[in-house]
file model-v3.pdb (PDB, C-alpha atoms and all ligand atoms)
ATOM      1  CA  MET A   1      -6.270  -9.556   7.424  1.00  0.00           C
ATOM      2  CA  THR A   2      -3.014  -7.712   6.717  1.00  0.00           C
ATOM      3  CA  ARG A   3      -0.046  -7.691   9.077  1.00  0.00           C
ATOM      4  CA  ILE A   4       1.314  -4.166   9.542  1.00  0.00           C
ATOM      5  CA  GLY A   5       4.260  -4.924  11.822  1.00  0.00           C
ATOM      6  CA  PRO A   6       5.300  -5.228  15.459  1.00  0.00           C
ATOM      7  CA  ALA A   7       3.174  -3.181  17.869  1.00  0.00           C
ATOM      8  CA  SER A   8       6.425  -2.050  19.477  1.00  0.00           C
ATOM      9  CA  GLU A   9       7.232  -0.151  16.255  1.00  0.00           C
ATOM     10  CA  LEU A  10       3.852   1.597  16.158  1.00  0.00           C
ATOM     11  CA  GLY A  11       3.839   3.294  19.536  1.00  0.00           C
ATOM     12  CA  PRO A  12       1.861   6.411  20.488  1.00  0.00           C
ATOM     13  CA  GLY A  13       2.309   9.204  17.941  1.00  0.00           C
ATOM     14  CA  SER A  14       3.464   6.828  15.196  1.00  0.00           C
ATOM     15  CA  LEU A  15       2.107   6.611  11.659  1.00  0.00           C
ATOM     16  CA  THR A  16       2.753   4.221   8.818  1.00  0.00           C
ATOM     17  CA  ARG A  17       0.967   3.083   5.669  1.00  0.00           C
ATOM     18  CA  SER A  18      -0.657  -0.094   4.491  1.00  0.00           C
ATOM     19  CA  GLY A  19      -2.105   0.000   1.008  1.00  0.00           C
ATOM     20  CA  ARG A  20      -4.656   2.806   0.858  1.00  0.00           C
ATOM     21  CA  TYR A  21      -4.629   3.281   4.646  1.00  0.00           C
ATOM     22  CA  ALA A  22      -2.688   5.456   7.059  1.00  0.00           C
ATOM     23  CA  VAL A  23      -2.280   3.376  10.199  1.00  0.00           C
ATOM     24  CA  GLY A  24      -1.433   5.099  13.440  1.00  0.00           C
ATOM     25  CA  ASN A  25      -1.508   5.152  17.197  1.00  0.00           C
ATOM     26  CA  ASN A  26      -3.075   8.057  19.101  1.00  0.00           C
ATOM     27  CA  GLY A  27      -3.303   6.002  22.266  1.00  0.00           C
ATOM     28  CA  ASN A  28      -5.383   3.527  20.286  1.00  0.00           C
ATOM     29  CA  HIS A  29      -4.460   2.048  16.948  1.00  0.00           C
ATOM     30  CA  PHE A  30      -6.480   3.338  13.998  1.00  0.00           C
ATOM     31  CA  ALA A  31      -6.574   3.169  10.217  1.00  0.00           C
ATOM     32  CA  VAL A  32      -8.055   5.762   7.863  1.00  0.00           C
ATOM     33  CA  THR A  33      -7.721   6.181   4.122  1.00  0.00           C
ATOM     34  CA  ARG A  34      -4.553   8.073   3.262  1.00  0.00           C
ATOM     35  CA  LYS A  35      -5.729  10.792   0.881  1.00  0.00           C
ATOM     36  CA  CYS A  36      -6.706  14.101   2.467  1.00  0.00           C
ATOM     37  CA  ARG A  37     -10.121  15.287   1.295  1.00  0.00           C
ATOM     38  CA  HIS A  38      -8.681  18.752   0.585  1.00  0.00           C
ATOM     39  CA  LEU A  39      -6.048  18.254  -2.131  1.00  0.00           C
ATOM     40  CA  GLY A  40      -4.969  14.668  -1.572  1.00  0.00           C
ATOM     41  CA  GLY A  41      -2.071  15.083   0.844  1.00  0.00           C
ATOM     42  CA  ASP A  42      -0.770  11.722   2.001  1.00  0.00           C
ATOM     43  CA  LEU A  43      -1.969  11.476   5.596  1.00  0.00           C
ATOM     44  CA  ASP A  44       0.497   8.765   6.613  1.00  0.00           C
ATOM     45  CA  GLU A  45       3.172  11.466   6.228  1.00  0.00           C
ATOM     46  CA  GLY A  46       1.297  13.754   8.626  1.00  0.00           C
ATOM     47  CA  SER A  47       1.338  13.816  12.393  1.00  0.00           C
ATOM     48  CA  ILE A  48      -0.842  13.147  15.409  1.00  0.00           C
ATOM     49  CA  ASP A  49      -1.536  16.174  17.590  1.00  0.00           C
ATOM     50  CA  ALA A  50      -2.150  16.477  21.331  1.00  0.00           C
ATOM     51  CA  ASP A  51      -5.887  15.903  20.787  1.00  0.00           C
ATOM     52  CA  GLY A  52      -5.193  12.601  19.028  1.00  0.00           C
ATOM     53  CA  CYS A  53      -6.237  14.059  15.677  1.00  0.00           C
ATOM     54  CA  LEU A  54      -4.457  13.258  12.428  1.00  0.00           C
ATOM     55  CA  VAL A  55      -2.932  16.385  10.860  1.00  0.00           C
ATOM     56  CA  CYS A  56      -2.383  16.583   7.098  1.00  0.00           C
ATOM     57  CA  PRO A  57       1.255  17.238   6.136  1.00  0.00           C
ATOM     58  CA  TRP A  58       0.316  19.647   3.347  1.00  0.00           C
ATOM     59  CA  HIS A  59      -1.981  22.311   4.830  1.00  0.00           C
ATOM     60  CA  ALA A  60      -2.578  21.034   8.374  1.00  0.00           C
ATOM     61  CA  ALA A  61      -6.258  20.109   8.152  1.00  0.00           C
ATOM     62  CA  LYS A  62      -7.129  17.955  11.173  1.00  0.00           C
ATOM     63  CA  TYR A  63      -9.160  14.761  11.203  1.00  0.00           C
ATOM     64  CA  ASP A  64     -10.972  12.895  13.946  1.00  0.00           C
ATOM     65  CA  VAL A  65      -9.775   9.368  13.183  1.00  0.00           C
ATOM     66  CA  GLN A  66     -12.805   7.779  14.873  1.00  0.00           C
ATOM     67  CA  THR A  67     -15.297   9.436  12.532  1.00  0.00           C
ATOM     68  CA  GLY A  68     -13.046  10.245   9.550  1.00  0.00           C
ATOM     69  CA  ARG A  69     -14.353  13.822   9.630  1.00  0.00           C
ATOM     70  CA  MET A  70     -12.252  16.952   9.168  1.00  0.00           C
ATOM     71  CA  VAL A  71     -12.436  18.964  12.388  1.00  0.00           C
ATOM     72  CA  ARG A  72     -10.188  21.854  11.281  1.00  0.00           C
ATOM     73  CA  GLY A  73      -9.997  23.051   7.709  1.00  0.00           C
ATOM     74  CA  PRO A  74      -6.837  23.652   5.682  1.00  0.00           C
ATOM     75  CA  GLN A  75      -4.525  26.264   7.211  1.00  0.00           C
ATOM     76  CA  GLY A  76      -2.122  28.825   5.752  1.00  0.00           C
ATOM     77  CA  ILE A  77      -3.458  30.721   2.757  1.00  0.00           C
ATOM     78  CA  PHE A  78      -6.498  28.422   2.597  1.00  0.00           C
ATOM     79  CA  ALA A  79      -7.613  29.522   6.071  1.00  0.00           C
ATOM     80  CA  LYS A  80      -8.064  33.041   4.667  1.00  0.00           C
ATOM     81  CA  ILE A  81     -10.696  31.958   2.145  1.00  0.00           C
ATOM     82  CA  PRO A  82     -14.114  32.601   3.740  1.00  0.00           C
ATOM     83  CA  GLY A  83     -16.150  29.448   4.157  1.00  0.00           C
ATOM     84  CA  LEU A  84     -13.525  27.073   2.796  1.00  0.00           C
ATOM     85  CA  GLY A  85     -12.864  25.300   6.102  1.00  0.00           C
ATOM     86  CA  ALA A  86     -16.589  24.965   6.780  1.00  0.00           C
ATOM     87  CA  LEU A  87     -17.104  23.604   3.266  1.00  0.00           C
ATOM     88  CA  PHE A  88     -14.515  20.854   3.684  1.00  0.00           C
ATOM     89  CA  LYS A  89     -15.778  19.998   7.155  1.00  0.00           C
ATOM     90  CA  SER A  90     -19.260  19.648   5.643  1.00  0.00           C
ATOM     91  CA  ILE A  91     -17.941  17.465   2.836  1.00  0.00           C
ATOM     92  CA  THR A  92     -16.366  15.049   5.296  1.00  0.00           C
ATOM     93  CA  ARG A  93     -19.637  14.778   7.212  1.00  0.00           C
ATOM     94  CA  VAL A  94     -21.013  13.239   4.009  1.00  0.00           C
ATOM     95  CA  VAL A  95     -17.814  11.620   2.736  1.00  0.00           C
ATOM     96  CA  PRO A  96     -15.544  10.960   5.714  1.00  0.00           C
ATOM     97  CA  LEU A  97     -12.212   9.245   5.391  1.00  0.00           C
ATOM     98  CA  GLY A  98     -12.661   5.496   5.119  1.00  0.00           C
ATOM     99  CA  ARG A  99     -11.807   3.608   8.272  1.00  0.00           C
ATOM    100  CA  ALA A 100     -10.613   0.089   8.951  1.00  0.00           C
ATOM    101  CA  THR A 101     -10.429  -2.055  12.050  1.00  0.00           C
ATOM    102  CA  VAL A 102      -6.986  -2.515  13.572  1.00  0.00           C
ATOM    103  CA  GLU A 103      -6.160  -5.267  16.052  1.00  0.00           C
ATOM    104  CA  VAL A 104      -3.048  -6.290  17.944  1.00  0.00           C
ATOM    105  CA  ARG A 105      -2.541 -10.038  18.016  1.00  0.00           C
ATOM    106  CA  ASP A 106       0.527 -11.809  19.367  1.00  0.00           C
ATOM    107  CA  GLY A 107       2.406  -8.505  19.492  1.00  0.00           C
ATOM    108  CA  ASP A 108       1.711  -7.582  15.870  1.00  0.00           C
ATOM    109  CA  VAL A 109      -0.607  -4.911  14.484  1.00  0.00           C
ATOM    110  CA  HIS A 110      -3.076  -6.150  11.866  1.00  0.00           C
ATOM    111  CA  LEU A 111      -5.497  -4.402   9.548  1.00  0.00           C
ATOM    112  CA  VAL A 112      -8.622  -6.520   9.830  1.00  0.00           C
ATOM    113  CA  ASP A 113     -11.052  -4.960   7.393  1.00  0.00           C
ATOM    114  CA  GLY A 114     -11.879  -1.668   5.803  1.00  0.00           C
ATOM    115  CA  GLU A 115     -14.600   0.422   4.222  1.00  0.00           C
TER     116      GLU A 115
HETATM  117  S1  LIG A 201      -4.108  18.514   1.201  1.00  0.00           S
HETATM  118 FE1  LIG A 201      -4.571  18.124   3.281  1.00  0.00          FE
HETATM  119  S2  LIG A 201      -4.934  20.065   4.104  1.00  0.00           S
HETATM  120 FE2  LIG A 201      -4.523  20.455   2.023  1.00  0.00          FE
END
call {"tool": "encode", "arguments": {"input": "model-v3.pdb", "output": "structure tokens"}}
result
Amino acid sequence: MTRIGPASELGPGSLTRSGRYAVGNNGNHFAVTRKCRHLGGDLDEGSIDADGCLVCPWHAAKYDVQTGRMVRGPQGIFAKIPGLGALFKSITRVVPLGRATVEVRDGDVHLVDGE
């Protein structure tokens, strides 16, 4: 188990990193592997949108943090390439982001285990 920090510092909308994981709070604490499946953007530097999805800081692909799957493909110039978004969404159905269990104990957020 790895201590991340005080739960008070990881409130809704917050993201941080712990090793290979981006750890965040979209109303619930979550942890997914940090490297975007598109071109490796560091997801702990992204954001959490109104749907609770994790948005990549590089080209704004969106991930469902419960499943680790991309739910919107890369945006900007990449969105103009036919089939590219569907391709990456398909890839993450087979190879989703890794996920780890996060728990709050005694006011601290902990990473319990991971895939
Ligand atoms: S690297 Fe994440 S969307 Fe491009």
call {"tool": "residues_near_ligand", "arguments": {"input": "model-v3.pdb", "ligand": "ligand LIG 201 (chain A)", "cutoff": "8 Å", "atoms": "all atoms listed in the file", "output": "MDAnalysis selection string"}}
result
chainID A and resid 35:43 55:62 73:75
call {"tool": "resolve_selection", "arguments": {"input": "model-v3.pdb", "expression": "the PyMOL selection byres (((chain A and resi 66-70) around 8) and not hetatm)", "output": "list of chain:residue names"}}
result
A:Phe30, A:Val32, A:Ala61, A:Lys62, A:Tyr63, A:Asp64, A:Val65, A:Val71, A:Arg72, A:Gly73, A:Phe88, A:Lys89, A:Thr92, A:Arg93, A:Pro96, A:Leu97, A:Gly98, A:Arg99
call {"tool": "closest_residue", "arguments": {"input": "model-v3.pdb", "among": "A:Thr101, A:Thr33, A:Gly107, A:Asp51", "to": "Gly11 in chain A", "atoms": "all atoms listed in the file"}}
result
A:Gly107
call {"tool": "atom_distance", "arguments": {"input": "model-v3.pdb", "atom1": "CA of Ser14 in chain A", "atom2": "CA of Thr2 in chain A"}}
result
18.0 Å
call {"tool": "residues_around", "arguments": {"input": "model-v3.pdb", "residues": "Val104 in chain A", "least_positions_apart": "2", "cutoff": "12 Å", "atoms": "all atoms listed in the file", "output": "PyMOL selection string"}}
result
chain A and resi 1-8+10-11+25+28-30+101-102+106-112
call {"tool": "closest_residue", "arguments": {"input": "model-v3.pdb", "among": "A:Ala86, A:Ile77, A:Leu15, A:Ala31", "to": "Ile48 in chain A", "atoms": "only C-alpha atoms"}}
result
A:Leu15
call {"tool": "atom_distance", "arguments": {"input": "model-v3.pdb", "atom1": "CA of Ser47 in chain A", "atom2": "CA of Tyr21 in chain A"}}
result
14.4 Å
call {"tool": "closest_residue", "arguments": {"input": "model-v3.pdb", "among": "A:Leu54, A:Leu84, A:Val95, A:Ala100", "to": "Asp113 in chain A", "atoms": "all atoms listed in the file"}}
result
A:Ala100
call {"tool": "atom_distance", "arguments": {"input": "model-v3.pdb", "atom1": "CA of Gly46 in chain A", "atom2": "CA of Ile91 in chain A"}}
result
20.4 Å
